[in-house]
Each structure stands twice: as C-alpha cells, then as structure tokens.
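Asks: The structure's right below; bear with me while I get my questions together.
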Amino acid sequence: MARERLYLFDTTLRDGAQTNGVDFTLTDKLTIARMLDELGVDYVEAGYPGANPIDTTFFAEKRPAHAKITAFGMTRRPGRSASNDPGLAALLAAEADAICFVAKSWDYHVRVALETTDEENLASIRDSVRAAKAKGREVLLDCEHFFDGYKANPSYALACAKAACDEGARWVVLCDTNGGTLPHEVEKVVGEVCKQIPGDHIGIHAHNDTEQAVANTFAAVRAGARQIQGTLNGLGERCGNANLVSIIPTLKLKPDFSEKFDIGVSDEALGHIARVSHALDDLLNRAADRHAPYVGESAFATKAGIHASAIMKEPETYEHVAPELVGNKRKLLVSDQSGRSHLLAELDRIGFAVDKDDPRLSRLLDEVKEREAIGYAYEAADASFELLARRLLGKVPRYFDVEKFDVNVEQRVNAKGERVTVSQAVVKVKVGDELLISAGEGNGPVNALDVALRKDLGKYQSYITGLELTDYRVRILNAGTEAVTRVLIESEDETGDHWTTIGVSPNIIDASFQALMDSIVYKLLKSGAPA
Ligand SMILES: [Zn+2]
C-alpha cells in the first residue's frame with residue numbers, strides 16, 4: 001500500500017522563542033535551523049522578518065536548505081490595503097520559501113481584539129494570501145483559536161479556513177492556541193473540517209496546556225490532517241508546543257503510523273534525535289529532562305532487580321522500542337536494590353569482564369550499599385560509579401594529587417560603594433614531581449575552586465580543555481544522624497559526551513570538590529591520558 005506523506009513544520013525559532021527565559025541569538029537561530037534541516041523537517045519557521053533585528057537579519061540572505069524556510073507574520077491590518085501595510089510589506093520582502101500568516105478565526109476575537117467586522121477579517125485573509133502568492137511564495141494560514149472559534153461559530157471558523165484555501169494557500173493550520181482542547185474534540189472537529197477542505201491541506205498546531213499536545217496532534221492526523229506543527233523538546237510559551245522529539249519517533253516506529261505515512265526524517269536521522277534534543281538544551285543552557293520520552297537519560301533505564309535481570313535476557317520484555325533507534329542507551333541502574341547480576345551487567349556495559357564469582361564483586365556491592373546509605377546515589381552518577389568500580393576492580397591511575405586547597409569568600413563594599421561578594425580559591429596540585437599552584441576567582445566558592453583546579457594541571461592540561469560543567473545540583477539530605485549535602489555535577493566534553501559525578505559530605509565545598517575531582521579524573525581516563 002502506498003503511504004501518504006505527512007509534513008513536519010517546526011516552529012522552535014518562532015513559537016518556541018516565546019518561552020519564558022529563552023532568547024535566541026542570531027547564531028543560535030542559524031545553528032537550530034541547520035539541525036532541523038539535517039533532521040529532515042519540511043518547514044522551518046524562523047521568525048517575524050521586520051519585527052526585530054535578529055529575525056530581519058536571519059531572513060536577509062537566502063541560505064541553502066532542504067527545508068522550506070518560513071517567515072511568519074500577520075495578515076494585512078483591517079481597514080488598509082495590502083499594498084499599504086508596512087508589516088505585510090516586510091513579510092513579503094523577506095527571503096523566504098514560504099509565508100505563514102496568522103489570522104483570527106474566532107468571531108469573538110475578530111470583534112474584541114481586531115475591532116473589525118467578520119467580513120473585513122475574511123477580506124484581509126484573502127488579500128494577504130493573494131499578495132504572497134503573487135510574490136511566488138508558498139502560503140500557510142495559521143487559524144488562531146480555531147477550535148474555540150469552531151465551537152462558538154463553526155461556519156465562521158470554516159469560512160476563514162476556506163477563504164485562504166480558495167485563494168490558493170497550500171496549508172490551513174488549525175491552531176489550539178490556548179491549548180485547552182482535548183483529543184476527542186480535536187479528532188471530531190478536524191474530521192468535520194476535512195469534509196470541507198481536503199486533509200492534505202490541513203495542519204495541526206497544538207499547545208500543551210492539558211499535557212496533551214502530542215495526543216492532540218495524533219488525534220488530528222487520525223482525523224485527516226497531514227501537516228504537523230511543533231517544536232524541539234516541546235519548547236513554547238506556558239506549557240509548550242507539541243513536542244516533535246516525541247512525535248517523530250512515534251511516527252517512525254509505531255506501525256499504526258509508520259505503515260500509513262512517510263515523513264522526511266530518515267532512519268539514520270532518527271538515530272540522531274537524542275543528540276538533537278540534547279543539543280538544544282545545551283544551547284539554552286538547560287539541564288536535559290531525564291524523563292523525556294525516547295530521548296531522556298531515564299527513558300530506557302531500569303532499576304528494580306527482577307526487571308533488570310529480565311532485561312538482560314530479553315530487552316524487548318520491558319522496552320517498547322529499541323533505544324538505539326533513537327540514539328539512546330539502555331541503562332541498568334546501580335542502586336542499593338541492585339543484585340549481583342545487575343551489577344555484572346552494568347560492569348559489562350562499561351567494558352569490564354568480571355567473573356560472577358569474583359570476590360571483588362561482593363566488595364564492590366558492599367561498597368555501593370554503604371555509600372548509598374550515607375547519601376551517594378550512583379544511579380544518577382554513572383561516571384562516579386565507573387570510577388568506583390575501576391578503583392576497586394581494576395586501576396585508576398593516580399594522575400595528580402591535590403595537596404591542599406583554600407577557598408575564601410569575602411563580602412565587602414567596592415570602590416563604587418556597592419556591596420559585593422567575591423570568591424577566590426587557591427589550589428596546590430602535585431603532578432608527578434611538579435608542584436603547581438593556581439588561583440581562581442568565581443561567582444561563588446565552588447566556581448572559584450573549579451576555576452583554580454582546572455587552570456593548570458601541567459602535562460594533563462591539554463586533556464581537559466574541552467571539559468565543561470553543564471549542570472550543578474545540590475540537595476540537603478538527612479542521612480543517619482546529621483544533615484549532609486549531595487552534589488551532582490554534569491559535565492560534557494568536546495566529543496559531545498555527557499557524564500555525571502557525585503560528592504557527599506556535611507560540607508558543601510567538600511561534596512563539590514569530590515564531584516569535581518571525579519569529573520576531571522573521568523575525563524582523563526576516557527581521553528586515554530597517560531598515567
Ligand atoms: Zn502557538
């Protein structure tokens with residue numbers, strides 16, 4: 001059976017940029033657009049030309065891409081002609097393959113927000129589509145608040161969609177702008193619209209305000225829509241947009257969709273989707289969601305003993321898809337619940353062949369249990385676990401010794417009369433016979449310590465230049481009789497690898513120091529630094 005084509009429209013750079021705390025630079029936008037293009041999405045909506053300097057510059061030159069670079073903007077303003085609307089003119093002038101207009105489709109909004117008549121709104125849609133078509137652009141119309149509008153006045157909402165279609169718009173996109181529509185409602189409404197407008201001209205734009213943007217998207221596809229709008233990692237204002245990182249694997253791997261539809265994402269590109277998702281988080285300087293479907297670190301992680309031993313025998317028993325298909329990894333968590341077989345499997349994964357009767361295995365298991373009792377959590381700190389195992393079972397070279405460190409935090413009034421807090425650290429490190437002393441300043445004591453520690457490691461310095469700390473998390477725990485601090489540090493290197501290390505101590509500086517040291521030693525080990 002011939003499969004139908006489904007089109008993917010990404011709006012990370014436009015709707016995703018509405019996210020609280022997200023502020024893309026031009027370089028960010030170009031990087032993301034390239035990633036999306038490589039992934040195989042069909043449309044990249046890049047912003048509003050004319051609305052701000054970054055978006056205007058983005059569109060100023062045409063960049064080669066497989067995806068259609070799409071400019072977004074309003075239909076002509078009510079009461080003006082298309083030729084006398086500067087906003088529309090900027091949109092039409094942009095070097096874009098496609099133009100996506102946004103228009104009201106709820107008569108209530110036409111009256112209250114636009115303060116115009118239903119007929120003038122329809123005329124504005126028609127004129128704008130016609131003007132963009134005349135410029136040779138592919139045209140899309142985002143029907144804002146379509147589902148609410150359809151509930152209130154179905155014939156008017158439909159008239160807006162049809163006005164665009166009749167003028168030759170390629171797509172009419174039904175938007176659940178406030179994200180409140182439920183999947184059964186989406187399926188019903190899209191089904192009704194598809195009786196009037198062919199589904200291969202209908203798109204869906206869902207927001208996640210009831211945690212159902214992805215479900216709403218699939219409901220629309222089942223009802224006939226053939227374009228999907230969404231963002232990477234579900235980025236978007238309030239609760240976000242439909243998450244393409246969840247939608248794409250489902251379309252490719254679930255037979256109900258994969259047998260019916262083709263998308264522009266190849267199997268090979270699907271194998272990079274976890275990396276794409278993490279690259280966006282890195283760019284936004286955010287910690288990745290460990291529990292993200294398909295791509296999160298925990299998406300294929302199992303902890304309980306009985307499950308873990310079954311997974312080792314038959315991975316399919318507990319996994320709905322194979323992790324490698326989406327560029328993820330199976331993970332058996334090492335924790336105090338873990339048994340011997342579980343530990344063996346984890347050691348095997350990191351490349352240790354240990355006999356199951358090796359007495360060192362019991363020592364490692366006891367050590368893990370003892371440490372977890374005082375607050376360590378190795379399931380969250382893969383690199384620290386690996387170092388612990390290597391130290392007990394094999395060998396970790398003693399690359400360097402920190403003979404001494406000193407951290408100083410001072411609050412004072414500076415020359416401008418402002419109260420400032422300054423952190424400084426001095427570290428004395430011995431590398432072979434060489435004694436190195438480094439000082440560092442930071443925006444806090446841990447940062448200062450990190451700066452000083454990584455400033456000069458003598459002959460090992462070149463191995464750690466690509467090391468970056470990407471996340472730092474602190475928790476106060478009540479373990480035993482006293483409160484202790486648990487620090488988790490996430491690191492990354494020039495190859496894009498991520499790892500997490502842990503430190504536990506009653507003192508936050510000591511806990512941070514342990515986690516920092518583990519991260520550096522792990523990096524030296526993985527880079528094959530000579531002992
Ligand atoms: Zn939106």
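In the structure tokens, the first chain shown is A, the next is B, and so on; residue numbers restart at 1 for each chain, and ligands run from 1 in the order shown.
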Could you list, as a PDB file with N, CA, C and O atoms, in the first residue's frame, all the residues within 8 Å of ligand 1, counting only C-alpha atoms and all ligand atoms?
Replies:
```pdb
ATOM      1  N   ASP A  15       7.447  30.145  17.591  1.00  0.00           N
ATOM      2  CA  ASP A  15       6.620  29.930  18.782  1.00  0.00           C
ATOM      3  C   ASP A  15       7.493  29.499  19.977  1.00  0.00           C
ATOM      4  O   ASP A  15       7.254  29.918  21.105  1.00  0.00           O
ATOM      5  N   CYS A 175      -5.193  25.869  14.794  1.00  0.00           N
ATOM      6  CA  CYS A 175      -4.388  26.098  15.998  1.00  0.00           C
ATOM      7  C   CYS A 175      -5.241  25.973  17.251  1.00  0.00           C
ATOM      8  O   CYS A 175      -6.318  26.572  17.343  1.00  0.00           O
ATOM      9  N   ASP A 176      -4.716  25.204  18.206  1.00  0.00           N
ATOM     10  CA  ASP A 176      -5.336  25.189  19.534  1.00  0.00           C
ATOM     11  C   ASP A 176      -4.504  26.156  20.373  1.00  0.00           C
ATOM     12  O   ASP A 176      -3.665  25.754  21.166  1.00  0.00           O
ATOM     13  N   THR A 177      -4.762  27.433  20.154  1.00  0.00           N
ATOM     14  CA  THR A 177      -3.867  28.481  20.650  1.00  0.00           C
ATOM     15  C   THR A 177      -3.743  28.502  22.170  1.00  0.00           C
ATOM     16  O   THR A 177      -2.662  28.717  22.698  1.00  0.00           O
ATOM     17  N   HIS A 205      -1.749  22.582  14.979  1.00  0.00           N
ATOM     18  CA  HIS A 205      -0.799  23.322  15.815  1.00  0.00           C
ATOM     19  C   HIS A 205      -1.341  23.236  17.238  1.00  0.00           C
ATOM     20  O   HIS A 205      -2.298  23.917  17.584  1.00  0.00           O
ATOM     21  N   ALA A 206      -0.764  22.354  18.037  1.00  0.00           N
ATOM     22  CA  ALA A 206      -1.306  22.098  19.369  1.00  0.00           C
ATOM     23  C   ALA A 206      -0.388  22.632  20.460  1.00  0.00           C
ATOM     24  O   ALA A 206       0.827  22.573  20.338  1.00  0.00           O
ATOM     25  N   HIS A 207      -1.009  23.149  21.503  1.00  0.00           N
ATOM     26  CA  HIS A 207      -0.256  23.572  22.700  1.00  0.00           C
ATOM     27  C   HIS A 207      -0.546  22.606  23.840  1.00  0.00           C
ATOM     28  O   HIS A 207      -1.554  21.902  23.847  1.00  0.00           O
ATOM     29  N   GLY A 236       8.056  26.270  24.094  1.00  0.00           N
ATOM     30  CA  GLY A 236       6.942  27.145  23.736  1.00  0.00           C
ATOM     31  C   GLY A 236       6.390  27.815  24.968  1.00  0.00           C
ATOM     32  O   GLY A 236       6.652  27.383  26.087  1.00  0.00           O
ATOM     33  N   GLU A 237       5.614  28.868  24.740  1.00  0.00           N
ATOM     34  CA  GLU A 237       5.149  29.631  25.891  1.00  0.00           C
ATOM     35  C   GLU A 237       4.215  28.781  26.773  1.00  0.00           C
ATOM     36  O   GLU A 237       3.682  27.771  26.327  1.00  0.00           O
ATOM     37  N   ASN A 241       4.670  23.773  23.214  1.00  0.00           N
ATOM     38  CA  ASN A 241       4.002  23.305  21.987  1.00  0.00           C
ATOM     39  C   ASN A 241       4.095  21.780  21.923  1.00  0.00           C
ATOM     40  O   ASN A 241       4.762  21.163  22.744  1.00  0.00           O
TER      41      ASN A 241
END
```
Asks: Tell me, as a PDB file with N, CA and C atoms, in the first residue's frame, which residues lie within 9 Å of Asp37 in chain A, counting only C-alpha atoms; anything in the same chain fewer than 4 positions away does not count.
Replies:
```pdb
ATOM      1  N   ILE A  32      20.214  26.159  15.088  1.00  0.00           N
ATOM      2  CA  ILE A  32      18.998  25.345  15.226  1.00  0.00           C
ATOM      3  C   ILE A  32      18.393  25.056  13.853  1.00  0.00           C
ATOM      4  N   ALA A  33      18.383  26.063  12.994  1.00  0.00           N
ATOM      5  CA  ALA A  33      17.820  25.856  11.653  1.00  0.00           C
ATOM      6  C   ALA A  33      18.597  24.757  10.926  1.00  0.00           C
ATOM      7  N   VAL A  41      13.065  17.908   8.810  1.00  0.00           N
ATOM      8  CA  VAL A  41      11.739  18.517   8.863  1.00  0.00           C
ATOM      9  C   VAL A  41      11.504  19.256   7.535  1.00  0.00           C
ATOM     10  N   ASP A  42      10.241  19.430   7.191  1.00  0.00           N
ATOM     11  CA  ASP A  42       9.917  20.005   5.885  1.00  0.00           C
ATOM     12  C   ASP A  42       9.904  21.525   5.889  1.00  0.00           C
ATOM     13  N   TYR A  43       9.511  22.100   7.034  1.00  0.00           N
ATOM     14  CA  TYR A  43       9.423  23.560   7.138  1.00  0.00           C
ATOM     15  C   TYR A  43      10.124  24.013   8.418  1.00  0.00           C
ATOM     16  N   VAL A  44      10.902  25.072   8.294  1.00  0.00           N
ATOM     17  CA  VAL A  44      11.495  25.697   9.478  1.00  0.00           C
ATOM     18  C   VAL A  44      10.947  27.118   9.551  1.00  0.00           C
ATOM     19  N   ALA A  65      18.968  25.157   2.038  1.00  0.00           N
ATOM     20  CA  ALA A  65      18.385  24.210   2.985  1.00  0.00           C
ATOM     21  C   ALA A  65      17.403  23.338   2.218  1.00  0.00           C
ATOM     22  N   HIS A  66      17.231  22.111   2.690  1.00  0.00           N
ATOM     23  CA  HIS A  66      16.189  21.261   2.107  1.00  0.00           C
ATOM     24  C   HIS A  66      14.827  21.725   2.592  1.00  0.00           C
ATOM     25  N   ALA A  67      14.813  22.132   3.872  1.00  0.00           N
ATOM     26  CA  ALA A  67      13.554  22.574   4.468  1.00  0.00           C
ATOM     27  C   ALA A  67      13.145  23.913   3.862  1.00  0.00           C
ATOM     28  N   LYS A  68      11.836  24.147   3.876  1.00  0.00           N
ATOM     29  CA  LYS A  68      11.357  25.441   3.398  1.00  0.00           C
ATOM     30  C   LYS A  68      11.444  26.433   4.549  1.00  0.00           C
TER      31      LYS A  68
END
```
Asks: Quote the spacing between CA of Thr501 in chain A and CA of Val429 in chain A in Å to one decimal place.
Replies: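 About the pair CA of Thr501 in chain A and CA of Val429 in chain A: they are 20.6 Å apart.
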Asks: Determine which residues of range 97-301 of chain A DSSP labels as alpha helix (DSSP H) from the backbone of this structure, then write them out as an MDAnalysis selection string.
Replies: chainID A and resid 107:112 118:134 146:152 154:166 183:196 213:223 244:253 255:258 267:270 273:283
Asks: Pick from A:Leu469, A:Ala220, A:Ala383, A:Ala134: nearest to Glu490 in chain A, with only C-alpha atoms counted?
Replies: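 For Glu490 in chain A, the nearest of the candidates is A:Leu469.
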Asks: For CA of Leu392 in chain A and CA of Ile476 in chain A, quote the distance in Å rounded to one decimal.
Replies: 27.9 Å
Asks: Would you please work out which residue, of A:Val321, A:Ile509, A:Ala373, A:Ala96, is nearest to Ala425 in chain A when using only C-alpha atoms?
Replies: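 For Ala425 in chain A, the nearest of the given residues is A:Ile509.
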Asks: Go ahead and compute the interatomic distance for CA of Glu167 in chain A and CA of His201 in chain A, in Å to one decimal.
Replies: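 Here the two named atoms are 12.7 Å from each other.
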Asks: Using backbone DSSP assignments, extract all strand (DSSP E or B) residues from range 200-284 of chain A; output them as an mmCIF file with N, CA and C atoms, in the first residue's frame.
Replies:
```cif
data_model
loop_
_atom_site.group_PDB
_atom_site.id
_atom_site.type_symbol
_atom_site.label_atom_id
_atom_site.label_comp_id
_atom_site.auth_asym_id
_atom_site.auth_seq_id
_atom_site.Cartn_x
_atom_site.Cartn_y
_atom_site.Cartn_z
ATOM 1 N N ILE A 202 -4.556 20.439 5.411
ATOM 2 C CA ILE A 202 -4.848 20.803 6.808
ATOM 3 C C ILE A 202 -3.650 20.496 7.700
ATOM 4 N N GLY A 203 -3.315 21.455 8.561
ATOM 5 C CA GLY A 203 -2.257 21.249 9.549
ATOM 6 C C GLY A 203 -2.815 21.360 10.958
ATOM 7 N N ILE A 204 -2.036 20.875 11.925
ATOM 8 C CA ILE A 204 -2.444 20.962 13.330
ATOM 9 C C ILE A 204 -1.334 21.645 14.119
ATOM 10 N N HIS A 205 -1.749 22.582 14.979
ATOM 11 C CA HIS A 205 -0.799 23.322 15.815
ATOM 12 C C HIS A 205 -1.341 23.236 17.238
ATOM 13 N N ALA A 206 -0.764 22.354 18.037
ATOM 14 C CA ALA A 206 -1.306 22.098 19.369
ATOM 15 C C ALA A 206 -0.388 22.632 20.460
ATOM 16 N N HIS A 207 -1.009 23.149 21.503
ATOM 17 C CA HIS A 207 -0.256 23.572 22.700
ATOM 18 C C HIS A 207 -0.546 22.606 23.840
ATOM 19 N N GLN A 227 -0.376 17.930 8.038
ATOM 20 C CA GLN A 227 0.811 18.686 8.448
ATOM 21 C C GLN A 227 0.816 18.803 9.967
ATOM 22 N N ILE A 228 1.995 18.597 10.540
ATOM 23 C CA ILE A 228 2.157 18.656 11.991
ATOM 24 C C ILE A 228 3.076 19.811 12.337
ATOM 25 N N GLN A 229 2.593 20.689 13.196
ATOM 26 C CA GLN A 229 3.460 21.759 13.685
ATOM 27 C C GLN A 229 3.881 21.443 15.113
ATOM 28 N N GLY A 230 5.123 21.752 15.418
ATOM 29 C CA GLY A 230 5.609 21.504 16.773
ATOM 30 C C GLY A 230 6.978 22.118 16.950
ATOM 31 N N THR A 231 7.584 21.843 18.114
ATOM 32 C CA THR A 231 8.906 22.410 18.415
ATOM 33 C C THR A 231 9.804 21.320 18.983
ATOM 34 N N ASN A 241 4.670 23.773 23.214
ATOM 35 C CA ASN A 241 4.002 23.305 21.987
ATOM 36 C C ASN A 241 4.095 21.780 21.923
ATOM 37 N N ASN A 243 5.551 18.406 21.096
ATOM 38 C CA ASN A 243 6.980 18.086 21.081
ATOM 39 C C ASN A 243 7.336 17.195 19.892
ATOM 40 N N PHE A 261 2.137 6.274 6.852
ATOM 41 C CA PHE A 261 2.704 7.579 6.488
ATOM 42 C C PHE A 261 4.205 7.542 6.285
ATOM 43 N N ASP A 262 4.658 8.417 5.382
ATOM 44 C CA ASP A 262 6.085 8.701 5.223
ATOM 45 C C ASP A 262 6.346 10.104 5.755
#
```
Asks: I want to know what sits within 8 Å of range 278-292 of chain A, based on only C-alpha atoms, with residues of the same chain fewer than 3 positions away left out; could you give that as a list in words?
Replies: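 These residues fall inside the cut-off: Val22, Asp28, Ile32, Leu232, Asn233, Ala274, Arg275, Val295, Gly296, Glu297, Ser298, Ala299, Thr470 and Asp471 of chain A.
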Asks: Find the residues around range 52-64 of chain A up to 7 Å (only C-alpha atoms counted), leave out those fewer than 5 positions away in its own chain, and share them as an mmCIF file with N, CA and C atoms, in the first residue's frame.
Replies:
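Saved as result33.cif:
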```
data_model
loop_
_atom_site.group_PDB
_atom_site.id
_atom_site.type_symbol
_atom_site.label_atom_id
_atom_site.label_comp_id
_atom_site.auth_asym_id
_atom_site.auth_seq_id
_atom_site.Cartn_x
_atom_site.Cartn_y
_atom_site.Cartn_z
ATOM 1 N N LEU A 26 21.320 35.348 16.937
ATOM 2 C CA LEU A 26 21.313 35.001 15.510
ATOM 3 C C LEU A 26 22.055 33.676 15.297
ATOM 4 N N GLY A 47 10.874 32.989 12.162
ATOM 5 C CA GLY A 47 10.601 34.225 12.903
ATOM 6 C C GLY A 47 9.809 35.230 12.093
ATOM 7 N N ALA A 94 10.842 39.461 2.605
ATOM 8 C CA ALA A 94 11.824 38.549 3.209
ATOM 9 C C ALA A 94 12.195 37.415 2.255
ATOM 10 N N GLU A 95 13.484 36.997 2.333
ATOM 11 C CA GLU A 95 13.970 35.878 1.519
ATOM 12 C C GLU A 95 13.466 34.575 2.132
ATOM 13 N N ALA A 96 12.214 34.255 1.887
ATOM 14 C CA ALA A 96 11.650 33.052 2.492
ATOM 15 C C ALA A 96 11.052 32.180 1.396
#
```
